[in-house]
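Before any comments, here is the structure.
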Amino acid sequence: MRRTILVRLALILAVAAAFALAVGVPPEIHAQADARERTLFVSAVDSSGEPVNGLDAEDFVITEDGRRREILRISRATEPMDIALLADNSAAASDAIGPLRSGLKDFVDAMAGDHQIALIALADRPTIFVNYTSNPMRLEEGINRLFAMNSSGMTLLDALVEVSVGLQRREATRAVIVPTITTGTEFTNRYGLDVVKALQQAGVALHALVIGVADYDTAPARERGVVLDAGSRETGGQYVTLLTESGMRQALRKLARQLSAQYKIVYSRPESLIPPEKTEVASRRSDVKMRGTPARGQAGN
């Protein structure tokens, strides 16, 4: 009896395998299909920087190294974010501390709860005031401890590298670094392109909010300029120049609205052993500007 059952089972398996070959169904087809899909988180804004809602797949154009990709699905992004707020508390920020605190509190009120937020101060050396948390009260306590330090400079580039390395050990699908800074003295001696590379390796978007017009009189200032420009552009973020300290609060509120309104775009990538060097998103509509950041943790990025 047992031998008869085994023979019948072998026949069933053989028939199933033959059927799979006949209809051309490769093994692990679901895994292969998923491997060809890539996800991009996209901000779509109008001319004033406000989010544009209600877009559909026909409004987006995604290219990899100049080659158009098929959009498979579009939805509102709901995945939690890791957000690192970098606050300038150097001597140059003495007049900006009040608006900076107010803006950071507004940002936290809008984003905490759903996302993990950290607060890092930049005077003299990067200092963690509050580690990643979704607790708005803890973050507000840290914000209240921000004071400008006399005779201190800023260490933005060191902070960007250290925060990027830390984010590589975290698992959030989306990650954002938000420097809120002045154009005061930069104490860091790093090459700007090395910092940009660290941001890209961590898969983070750099959204820099800067009070004042940057000068490039010193080598550290020039390297910082490279990071703010190329780092924001290459990671799907933005570089916003604010003419007065009072603009910081509104800029942080607007950024919170932009991040909360992101789209999640799933598109198809052909099988390839070599990942693309550049992924870009554009709008079919002339009145809409788009910027995108690939989801973190995707194999083959």
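Residues in the structure tokens are numbered from 1 in each chain, the chains being A, B, ... in the order shown, and ligands are numbered from 1 in the order shown.
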* Enumerate, as a PyMOL selection string, the complete set of residues in region 157-260 of chain A that a backbone-based DSSP assignment places in alpha helix (DSSP H). => chain A and resi 157-168+192-202+219-226+232-234+247-260
* Asked: When DSSP works through the backbone of this structure, what residues of region 101-268 of chain A end up as strand (DSSP E or B), shown as number ranges by chain?
  -> A: 112, 115-121, 123, 127-133, 154, 174-182, 186, 205-211, 238-242, 263-268
Write the selection just made, keeping C-alpha atoms, as a PDB file, in the first residue's frame?
ATOM      1  CA  ALA A 112       6.303  63.140  15.253  1.00  0.00           C
ATOM      2  CA  HIS A 115       8.039  59.060  12.214  1.00  0.00           C
ATOM      3  CA  GLN A 116      11.276  58.742  14.194  1.00  0.00           C
ATOM      4  CA  ILE A 117      13.029  62.094  14.652  1.00  0.00           C
ATOM      5  CA  ALA A 118      16.453  62.931  16.077  1.00  0.00           C
ATOM      6  CA  LEU A 119      17.862  66.347  17.024  1.00  0.00           C
ATOM      7  CA  ILE A 120      21.592  67.000  16.568  1.00  0.00           C
ATOM      8  CA  ALA A 121      23.294  70.295  17.458  1.00  0.00           C
ATOM      9  CA  ALA A 123      28.313  73.900  17.496  1.00  0.00           C
ATOM     10  CA  THR A 127      26.052  66.542  19.598  1.00  0.00           C
ATOM     11  CA  ILE A 128      22.947  64.372  19.902  1.00  0.00           C
ATOM     12  CA  PHE A 129      20.395  66.354  21.881  1.00  0.00           C
ATOM     13  CA  VAL A 130      17.624  63.796  21.305  1.00  0.00           C
ATOM     14  CA  ASN A 131      18.066  60.365  19.740  1.00  0.00           C
ATOM     15  CA  TYR A 132      15.492  58.970  17.315  1.00  0.00           C
ATOM     16  CA  THR A 133      12.062  59.018  18.875  1.00  0.00           C
ATOM     17  CA  MET A 154      29.606  74.886  12.894  1.00  0.00           C
ATOM     18  CA  ARG A 174      12.597  56.547   3.955  1.00  0.00           C
ATOM     19  CA  ALA A 175      15.278  58.702   5.578  1.00  0.00           C
ATOM     20  CA  VAL A 176      15.727  62.470   5.572  1.00  0.00           C
ATOM     21  CA  ILE A 177      18.393  64.831   6.914  1.00  0.00           C
ATOM     22  CA  VAL A 178      17.344  68.438   7.491  1.00  0.00           C
ATOM     23  CA  PRO A 179      20.156  70.923   8.224  1.00  0.00           C
ATOM     24  CA  THR A 180      18.744  74.197   9.595  1.00  0.00           C
ATOM     25  CA  ILE A 181      21.779  76.446   9.488  1.00  0.00           C
ATOM     26  CA  THR A 182      23.333  79.857   8.954  1.00  0.00           C
ATOM     27  CA  GLU A 186      32.473  75.907   9.152  1.00  0.00           C
ATOM     28  CA  ALA A 205      17.420  62.847   1.073  1.00  0.00           C
ATOM     29  CA  LEU A 206      19.125  66.114   2.068  1.00  0.00           C
ATOM     30  CA  HIS A 207      16.784  69.072   2.618  1.00  0.00           C
ATOM     31  CA  ALA A 208      18.949  72.057   3.561  1.00  0.00           C
ATOM     32  CA  LEU A 209      17.371  75.232   4.935  1.00  0.00           C
ATOM     33  CA  VAL A 210      20.021  77.974   5.043  1.00  0.00           C
ATOM     34  CA  ILE A 211      19.717  81.488   6.464  1.00  0.00           C
ATOM     35  CA  GLN A 238      16.401  70.613  -1.881  1.00  0.00           C
ATOM     36  CA  TYR A 239      18.573  73.603  -0.985  1.00  0.00           C
ATOM     37  CA  VAL A 240      16.493  76.529   0.253  1.00  0.00           C
ATOM     38  CA  THR A 241      18.064  79.947   0.869  1.00  0.00           C
ATOM     39  CA  LEU A 242      16.280  82.131   3.431  1.00  0.00           C
ATOM     40  CA  TYR A 263       3.926  59.811  -3.539  1.00  0.00           C
ATOM     41  CA  LYS A 264       5.115  56.208  -3.643  1.00  0.00           C
ATOM     42  CA  ILE A 265       5.898  55.199  -7.220  1.00  0.00           C
ATOM     43  CA  VAL A 266       6.551  51.559  -8.101  1.00  0.00           C
ATOM     44  CA  TYR A 267       8.105  51.092 -11.534  1.00  0.00           C
ATOM     45  CA  SER A 268       9.639  48.308 -13.586  1.00  0.00           C
TER      46      SER A 268
END
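With only C-alpha atoms as the atoms that count, the residue of A:Ala91, A:Leu228, A:Leu72, A:Leu259 with the shortest distance to Asp56 (chain A) is A:Leu72.
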* Asked: Got a sec: who's within 10 Å of Asn189 (chain A), counting only C-alpha atoms, leaving out chain neighbours fewer than 6 positions off, as an MDAnalysis selection string?
  -> chainID A and resid 155 157:158 219:221 223:224
If you take only C-alpha atoms and a cut-off of 10 Å, which residues of region 177-263 of chain A touch region 286-301 of chain A, and what are their nearest atom pairs and distances in Å to one decimal, in chain and number order, as JSON lines?
{"residue": "A:Gln200", "atom": "CA", "partner": "A:Thr293", "partner_atom": "CA", "distance": 9.9}
{"residue": "A:Gln201", "atom": "CA", "partner": "A:Arg296", "partner_atom": "CA", "distance": 9.7}
{"residue": "A:Ala202", "atom": "CA", "partner": "A:Arg296", "partner_atom": "CA", "distance": 7.9}
{"residue": "A:Gly203", "atom": "CA", "partner": "A:Arg296", "partner_atom": "CA", "distance": 5.6}
{"residue": "A:Val204", "atom": "CA", "partner": "A:Thr293", "partner_atom": "CA", "distance": 7.6}
{"residue": "A:Ala205", "atom": "CA", "partner": "A:Thr293", "partner_atom": "CA", "distance": 6.5}
{"residue": "A:Leu206", "atom": "CA", "partner": "A:Thr293", "partner_atom": "CA", "distance": 9.9}
{"residue": "A:Arg233", "atom": "CA", "partner": "A:Arg291", "partner_atom": "CA", "distance": 8.6}
{"residue": "A:Glu234", "atom": "CA", "partner": "A:Thr293", "partner_atom": "CA", "distance": 8.9}
{"residue": "A:Thr235", "atom": "CA", "partner": "A:Thr293", "partner_atom": "CA", "distance": 6.1}
{"residue": "A:Gly236", "atom": "CA", "partner": "A:Gly292", "partner_atom": "CA", "distance": 4.7}
{"residue": "A:Gly237", "atom": "CA", "partner": "A:Arg291", "partner_atom": "CA", "distance": 6.9}
{"residue": "A:Gln238", "atom": "CA", "partner": "A:Arg291", "partner_atom": "CA", "distance": 8.5}
{"residue": "A:Gln262", "atom": "CA", "partner": "A:Gly292", "partner_atom": "CA", "distance": 9.1}
{"residue": "A:Tyr263", "atom": "CA", "partner": "A:Gly292", "partner_atom": "CA", "distance": 9.1}
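Taking CA of Ile83 (chain A) as the reference point, CA of Leu100 (chain A) is found at 16.5 Å.
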For the contact check between region 31-148 of chain A and region 247-257 of chain A, emit one row per residue of region 31-148 of chain A within 6 Å, containing the shortest atom pair and the distance in Å rounded to one decimal, counting only C-alpha atoms, chain then rising number order, as a Markdown table.
| residue | atom | partner | partner_atom | distance |
| --- | --- | --- | --- | --- |
| A:Pro99 | CA | A:Arg249 | CA | 5.8 |
| A:Gly103 | CA | A:Arg249 | CA | 3.8 |
| A:Phe107 | CA | A:Arg253 | CA | 5.8 |
* To do: Find the spatial neighbours of Val165 (chain A), counting only C-alpha atoms, within a cut-off of 10 Å - ignore same-chain residues fewer than 5 positions away - and output them as an MDAnalysis selection string.
  => chainID A and resid 159:160 170 198:199 201:202
